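Engineer: One file is attached below, input.tsv, containing TSV, C-alpha atoms and all ligand atoms.
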chain	number	residue	atom	x	y	z
A	272	MET	CA	10.72	1.39	2.50
A	273	ARG	CA	14.34	2.36	2.24
A	274	ARG	CA	16.41	5.52	2.36
A	275	ILE	CA	17.06	6.60	-1.22
A	276	GLU	CA	19.85	8.88	-2.27
A	277	ARG	CA	18.60	11.68	-4.53
A	278	LEU	CA	20.90	12.00	-7.53
A	279	PRO	CA	21.55	15.40	-9.08
A	280	LEU	CA	19.97	16.21	-12.44
A	281	PRO	CA	22.17	17.25	-15.37
A	282	SER	CA	22.38	21.06	-15.30
A	283	GLY	CA	20.57	21.45	-18.65
A	284	VAL	CA	17.62	19.43	-17.37
A	285	ARG	CA	17.54	21.37	-14.10
A	286	PHE	CA	17.54	24.62	-16.05
A	287	ALA	CA	14.75	23.49	-18.41
A	288	LEU	CA	12.56	22.35	-15.51
A	289	GLY	CA	13.23	25.64	-13.74
A	290	ARG	CA	12.02	27.54	-16.79
A	291	ARG	CA	8.83	25.48	-16.91
A	292	GLN	CA	8.25	26.20	-13.23
A	293	VAL	CA	8.70	29.94	-13.75
A	294	ARG	CA	6.12	29.78	-16.54
A	295	ALA	CA	3.72	27.74	-14.38
A	296	ASN	CA	4.16	30.22	-11.51
A	297	ARG	CA	3.13	33.01	-13.86
A	298	GLN	CA	0.14	31.12	-15.25
A	299	ARG	CA	-1.13	29.76	-11.94
A	300	ARG	CA	-2.36	33.21	-10.97
A	301	GLU	CA	-4.52	33.36	-14.10
A	302	PRO	CA	-8.08	31.99	-14.21
A	303	GLY	CA	-8.41	28.66	-16.00
A	304	PHE	CA	-4.94	27.40	-15.02
A	305	ASN	CA	-4.97	23.65	-14.57
A	306	ALA	CA	-1.85	22.10	-13.02
A	307	THR	CA	-2.77	18.56	-14.03
A	308	ARG	CA	-3.18	19.63	-17.66
A	309	ASP	CA	0.07	21.61	-17.53
A	310	TRP	CA	1.90	18.55	-16.23
A	311	LYS	CA	0.25	16.29	-18.81
A	312	ASN	CA	1.41	18.59	-21.59
A	313	ALA	CA	4.96	18.50	-20.25
A	314	ARG	CA	5.01	14.78	-19.40
A	315	ASP	CA	6.63	13.66	-22.65
A	316	SER	CA	9.06	16.56	-22.92
A	317	ALA	CA	12.79	15.84	-22.87
A	318	PRO	CA	13.49	17.39	-19.42
A	319	VAL	CA	10.64	15.48	-17.71
A	320	ARG	CA	11.75	12.26	-19.40
A	321	ALA	CA	15.30	12.91	-18.18
A	322	ALA	CA	14.01	13.47	-14.64
A	323	GLU	CA	12.09	10.19	-14.88
A	324	ALA	CA	15.22	8.36	-16.06
A	325	THR	CA	17.14	9.72	-13.05
A	326	LEU	CA	14.36	8.63	-10.69
A	327	THR	CA	14.49	5.16	-12.23
A	328	ARG	CA	18.25	5.04	-11.60
A	329	MET	CA	17.68	6.13	-8.00
A	330	ALA	CA	15.14	3.32	-7.54
A	331	GLY	CA	17.81	0.69	-8.27
A	332	LEU	CA	18.03	-2.24	-10.65
A	333	THR	CA	14.51	-3.48	-10.01
A	334	GLU	CA	12.98	0.04	-10.35
A	335	ARG	CA	10.71	-0.38	-7.35
A	336	CYS	CA	8.15	2.04	-6.02
A	337	MET	CA	9.87	4.38	-3.53
A	338	TYR	CA	6.98	4.15	-1.06
A	339	CYS	CA	6.29	0.42	-0.84
A	340	GLU	CA	9.46	-1.09	-2.39
A	341	ASP	CA	7.28	-3.86	-3.74
A	342	SER	CA	5.58	-3.08	-7.04
A	343	HIS	CA	7.27	-1.62	-10.08
A	344	GLY	CA	7.60	2.16	-10.00
A	345	THR	CA	5.52	3.23	-12.97
A	346	ASP	CA	5.07	6.97	-12.76
A	347	ILE	CA	6.47	10.22	-11.43
A	348	GLU	CA	4.84	11.05	-8.12
A	349	HIS	CA	4.62	14.58	-6.77
A	350	PHE	CA	5.27	14.44	-3.02
A	351	TRP	CA	3.40	17.75	-2.71
A	352	PRO	CA	0.50	17.07	-5.13
A	353	LYS	CA	0.18	19.00	-8.40
A	354	THR	CA	-3.02	20.52	-7.02
A	355	PRO	CA	-2.97	22.60	-4.91
A	356	PHE	CA	0.87	22.78	-4.84
A	357	SER	CA	1.48	23.83	-8.44
A	358	GLU	CA	4.46	25.88	-7.23
A	359	CYS	CA	6.23	22.49	-6.87
A	360	LEU	CA	5.13	21.06	-10.24
A	361	PHE	CA	8.59	20.95	-11.86
A	362	ILE	CA	10.72	21.06	-8.71
A	363	TRP	CA	13.15	18.14	-8.70
A	364	PRO	CA	13.13	17.36	-4.94
A	365	ASN	CA	9.32	17.09	-5.18
A	366	MET	CA	9.52	14.17	-7.63
A	367	LEU	CA	9.51	10.50	-6.62
A	368	LEU	CA	8.82	7.26	-8.45
A	369	CYS	CA	5.83	5.24	-7.30
A	370	CYS	CA	3.56	2.35	-8.22
A	371	ALA	CA	-0.08	2.66	-9.29
A	372	GLU	CA	-1.38	1.40	-5.93
A	373	CYS	CA	0.64	3.83	-3.78
A	374	GLY	CA	-0.20	6.65	-6.19
A	375	ARG	CA	-3.89	5.83	-5.88
A	376	LEU	CA	-3.81	5.60	-2.08
A	377	LYS	CA	-1.86	8.80	-1.63
A	378	GLY	CA	-3.75	10.81	-4.23
A	379	GLN	CA	-3.91	14.44	-3.17
A	380	LEU	CA	-3.13	13.61	0.46
A	381	VAL	CA	-0.21	15.10	2.32
A	382	PRO	CA	-1.05	15.25	5.99
A	383	ALA	CA	0.79	18.07	7.73
A	384	ASP	CA	1.34	19.18	11.31
A	385	ALA	CA	0.32	22.55	12.76
A	386	SER	CA	3.45	24.20	11.33
A	387	GLY	CA	2.72	22.86	7.83
A	388	ALA	CA	5.54	20.26	7.91
A	389	PRO	CA	4.54	17.06	6.11
A	390	LEU	CA	3.48	14.06	8.15
A	391	LEU	CA	4.43	11.73	5.34
A	392	ILE	CA	7.83	10.13	4.86
A	393	ASP	CA	9.87	11.25	1.87
A	394	PRO	CA	12.36	8.39	1.47
A	395	THR	CA	14.72	10.62	-0.51
A	396	ALA	CA	14.93	13.12	2.34
A	397	GLU	CA	15.08	10.98	5.49
A	398	ASP	CA	15.55	7.49	6.86
A	399	PRO	CA	12.06	5.91	6.85
A	400	TRP	CA	13.02	3.62	9.75
A	401	ALA	CA	13.34	6.63	12.04
A	402	HIS	CA	9.53	6.72	11.85
A	403	LEU	CA	8.58	3.17	10.95
A	404	ASP	CA	8.88	-0.23	12.56
A	405	PHE	CA	8.48	-3.71	11.17
A	406	ASP	CA	6.52	-6.60	12.65
A	407	PRO	CA	8.37	-9.83	11.73
A	408	ASP	CA	5.39	-11.97	12.74
A	409	THR	CA	2.88	-10.39	10.37
A	410	GLY	CA	5.18	-8.70	7.83
A	411	ASN	CA	3.35	-5.42	8.40
A	412	VAL	CA	5.06	-2.05	8.49
A	413	VAL	CA	3.82	0.00	11.45
A	414	ALA	CA	4.58	3.31	13.16
A	415	ARG	CA	7.67	3.36	15.35
A	416	PHE	CA	7.33	3.86	19.08
A	417	LEU	CA	9.61	6.74	20.12
A	418	ARG	CA	10.72	6.04	23.71
A	419	GLU	CA	11.99	9.56	24.24
A	420	GLU	CA	8.56	10.96	23.37
A	421	ASN	CA	6.60	8.10	24.92
A	422	GLY	CA	4.43	7.83	21.83
A	423	TYR	CA	4.31	6.65	18.25
A	424	SER	CA	5.96	8.72	15.54
A	425	PRO	CA	3.17	10.94	14.11
A	426	LYS	CA	4.89	10.87	10.72
A	427	GLY	CA	5.10	7.08	10.89
A	428	GLU	CA	1.45	6.78	11.89
A	429	LYS	CA	0.24	8.98	9.05
A	430	THR	CA	2.47	7.30	6.46
A	431	VAL	CA	1.15	3.87	7.47
A	432	GLU	CA	-2.41	5.17	7.42
A	433	VAL	CA	-2.17	6.88	4.01
A	434	LEU	CA	-0.31	4.06	2.25
A	435	HIS	CA	-2.11	1.21	4.13
A	436	LEU	CA	1.27	-0.26	5.06
A	437	ASP	CA	-0.27	-2.36	7.84
A	438	ARG	CA	-3.07	-3.86	5.75
A	439	ARG	CA	-1.71	-4.85	2.37
A	440	GLU	CA	-1.52	-8.63	2.52
A	441	ALA	CA	0.62	-9.12	-0.58
A	442	LEU	CA	3.04	-6.47	0.63
A	443	ALA	CA	3.28	-8.07	4.08
A	444	ARG	CA	4.07	-11.45	2.50
A	445	VAL	CA	6.92	-9.95	0.46
A	446	TYR	CA	8.35	-8.08	3.46
A	447	ARG	CA	8.18	-11.18	5.64
A	448	ARG	CA	9.87	-13.33	3.02
A	449	SER	CA	12.59	-10.74	2.65
A	450	PHE	CA	13.03	-10.58	6.44
A	451	LEU	CA	13.35	-14.37	6.73
A	452	ARG	CA	15.99	-14.45	3.98
A	453	ILE	CA	18.02	-11.72	5.72
A	454	ALA	CA	17.68	-13.45	9.11
A	455	LYS	CA	18.81	-16.78	7.64
A	456	ILE	CA	21.94	-15.28	6.11
A	457	VAL	CA	22.82	-13.48	9.36
A	458	ALA	CA	22.19	-16.66	11.41
A	459	VAL	CA	24.71	-18.55	9.26
A	460	ALA	CA	27.27	-15.71	9.61
A	461	VAL	CA	26.81	-15.61	13.39
A	462	ASP	CA	27.73	-19.31	13.66
A	463	ASP	CA	30.84	-18.78	11.54
A	464	PRO	CA	33.88	-18.20	13.82
A	465	GLN	CA	35.28	-15.65	11.35
A	466	PRO	CA	32.62	-14.28	9.03
A	467	ASP	CA	33.78	-12.25	6.04
A	468	SER	CA	32.09	-8.88	6.57
A	469	GLN	CA	32.26	-7.75	2.95
A	470	ALA	CA	30.92	-11.03	1.58
A	471	LEU	CA	28.14	-10.96	4.17
A	472	LEU	CA	27.20	-7.41	3.25
A	473	GLU	CA	27.04	-8.24	-0.45
A	474	GLN	CA	24.87	-11.27	0.24
A	475	LEU	CA	22.53	-9.24	2.42
A	476	ARG	CA	22.24	-6.41	-0.08
A	477	GLU	CA	21.37	-8.85	-2.83
A	478	CYS	CA	18.35	-10.19	-0.98
A	479	ASP	CA	17.20	-6.89	0.54
A	480	ASP	CA	14.20	-6.47	-1.77
A	481	SER	CA	12.14	-4.41	0.68
A	482	GLY	CA	14.72	-2.12	2.28
A	483	LEU	CA	14.54	-4.05	5.56
A	484	LEU	CA	18.27	-4.50	6.04
A	485	SER	CA	18.58	-1.08	7.62
A	486	TRP	CA	15.78	-1.94	10.06
A	487	CYS	CA	17.40	-5.32	10.91
A	488	LEU	CA	20.87	-3.96	11.61
A	489	ARG	CA	20.44	-0.37	12.72
A	490	ALA	CA	16.85	0.16	13.85
A	491	ASP	CA	14.75	-1.93	16.23
A	492	GLY	CA	15.63	-5.21	14.49
A	493	GLN	CA	19.11	-5.09	16.01
A	494	HIS	CA	17.62	-6.16	19.36
A	495	LEU	CA	16.19	-9.38	17.90
A	496	GLU	CA	17.82	-12.70	17.10
A	497	PRO	CA	19.99	-13.30	15.12
A	498	PHE	CA	20.89	-9.61	14.64
A	499	CYS	CA	21.65	-8.95	18.32
A	500	ARG	CA	24.02	-11.92	18.28
A	501	LEU	CA	25.84	-10.50	15.29
A	502	ARG	CA	26.25	-7.29	17.26
A	503	THR	CA	27.56	-8.98	20.40
A	504	ASP	CA	29.56	-11.90	18.93
A	505	HIS	CA	30.98	-10.12	15.85
A	506	PRO	CA	30.88	-6.39	16.61
A	507	GLU	CA	33.41	-5.53	13.89
A	508	VAL	CA	31.35	-7.28	11.22
A	509	TRP	CA	28.15	-5.66	12.47
A	510	ARG	CA	29.80	-2.21	12.50
A	511	HIS	CA	31.17	-2.68	8.98
A	512	CYS	CA	27.72	-3.63	7.66
A	513	CYS	CA	26.05	-0.69	9.44
A	514	GLU	CA	28.59	1.85	8.23
A	515	CYS	CA	28.31	0.66	4.64
A	516	LEU	CA	24.53	1.03	4.78
A	517	SER	CA	24.71	4.74	5.57
B	601	ZN	ZN	4.09	1.38	-4.10
Could you write out this structure as structure tokens?

Structural biologist:
Amino acid sequence: MRRIERLPLPSGVRFALGRRQVRANRQRREPGFNATRDWKNARDSAPVRAAEATLTRMAGLTERCMYCEDSHGTDIEHFWPKTPFSECLFIWPNMLLCCAECGRLKGQLVPADASGAPLLIDPTAEDPWAHLDFDPDTGNVVARFLREENGYSPKGEKTVEVLHLDRREALARVYRRSFLRIAKIVAVAVDDPQPDSQALLEQLRECDDSGLLSWCLRADGQHLEPFCRLRTDHPEVWRHCCECLS
């Protein structure tokens, strides 16, 4: 998973989606209203297509699923599901791009805490690695242990549980491969007496298929070899890479 910057929609598209939401809000109080059907009817409309195109741009060149960063993002995902949250049907911040597998696993699930706040990571709203950790030995994504709370992140735990992030073998293989590539590049840079920080960053970004770079340099990965050596032996280079990732 990686932090994704949400791009703004063109104002005309925002306005058109807003009008559809107003209409849905009116209809949802009437008997027989079906949010899934309403969405299906709107799916091929110009404003929804424009929203999808913006999501695809946000997902980067390879158009990956925003939850797993592995498979191709194939459909618009409603973070708060169409049913029962039809008040969020056409709301832009509620739309993500996801793959068929993540869409199937998540389904209508959005675990929430006692206050109603979601216990599921929205990668367009927060840094996933604040709640998640990575196991370089298995390639699994797991919940992050929060020292200050002496427990695992509840949001991380639920996200891993819902999306099966610790038991998808193909996903773990891809994450581990990506980690090994990043570690190899950093190991070479660490042995260089004067590594070029910009060139290193570009090289790392190019191979960061799974969004792990942020975990390696800024989250718990920074305490492991070779990342901790980059931090101690070339602090300027490490700082430059970290700052450019934000
Ligand atoms: Zn996915």

Engineer: Between A:Gln292, A:Ser316, A:Ser481, A:Gln298, which is the closest to ligand ZN 601 (chain B) once you count only C-alpha atoms and all ligand atoms?

Structural biologist: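 Result for the nearest residue to ligand ZN 601 (chain B): A:Ser481.
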
Engineer: Between A:Leu417, A:Ile456, A:Cys339, A:Ala396, which residue has the minimum interatomic distance to ligand ZN 601 (chain B), considering all atoms listed in the file?

Structural biologist: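 Selected residue with least distance to ligand ZN 601 (chain B): A:Cys339.
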
Engineer: Name all residues at most 8 Å from region 439-442 of chain A (count only C-alpha atoms; drop same-chain ones fewer than 2 positions away) and give them as a list in words.

Structural biologist: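 Residues near the query, excluding close chain neighbours: Cys339, Asp341, Gly410, Asn411, His435, Leu436, Asp437, Arg444, Val445 and Tyr446 of chain A.
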
Engineer: How would you write, as a CSV table (one decimal) with C-alpha atoms, in the coordinates of the input, the set of residues no farther than 9 Å from ligand ZN 601 (chain B) when counting only C-alpha atoms and all ligand atoms?

Structural biologist:
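See result-v7.csv below for the written result:
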chain,number,residue,atom,x,y,z
A,335,ARG,CA,10.7,-0.4,-7.4
A,336,CYS,CA,8.2,2.0,-6.0
A,337,MET,CA,9.9,4.4,-3.5
A,338,TYR,CA,7.0,4.2,-1.1
A,339,CYS,CA,6.3,0.4,-0.8
A,340,GLU,CA,9.5,-1.1,-2.4
A,341,ASP,CA,7.3,-3.9,-3.7
A,342,SER,CA,5.6,-3.1,-7.0
A,343,HIS,CA,7.3,-1.6,-10.1
A,344,GLY,CA,7.6,2.2,-10.0
A,368,LEU,CA,8.8,7.3,-8.4
A,369,CYS,CA,5.8,5.2,-7.3
A,370,CYS,CA,3.6,2.4,-8.2
A,371,ALA,CA,-0.1,2.7,-9.3
A,372,GLU,CA,-1.4,1.4,-5.9
A,373,CYS,CA,0.6,3.8,-3.8
A,374,GLY,CA,-0.2,6.6,-6.2
A,434,LEU,CA,-0.3,4.1,2.2

Engineer: Mind giving me the straight-line distance from CA of His349 (chain A) to CA of Leu326 (chain A) in Å, one decimal?

Structural biologist: 12.1 Å

Engineer: With distances taken over all atoms listed in the file, which of A:Gln465, A:Thr307, A:Ser485, A:Ser424 is nearest to Ile275 (chain A)?

Structural biologist: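 Of all the options, A:Ser485 lies closest to Ile275 (chain A).
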
Engineer: Quick one: of A:Ser468, A:Ser357, A:Ala490, A:Ala458, who's nearest to Phe416 (chain A), counting only C-alpha atoms?

Structural biologist: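 That would be A:Ala490, the residue with the smallest distance to Phe416 (chain A).
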
Engineer: Closest to Glu473 (chain A) among A:Leu332, A:Leu403, A:Ile453, A:Ala306, using all atoms listed in the file?

Structural biologist: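 Using all atoms listed in the file, the shortest distance to Glu473 (chain A) belongs to A:Ile453.
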
Engineer: What is the CA of Trp363 (chain A)-CA of Asn296 (chain A) distance in Å, reported with one decimal?

Structural biologist: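 Atom-to-atom, CA of Trp363 (chain A) and CA of Asn296 (chain A) are spaced 15.3 Å apart.
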
Engineer: Looking at A:Phe361, A:Ala414, A:Arg328, A:Leu280, which one is nearest to Arg294 (chain A), with distances taken over all atoms listed in the file?

Structural biologist: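 Comparing A:Phe361, A:Ala414, A:Arg328, A:Leu280 against Arg294 (chain A), the winner is A:Phe361.
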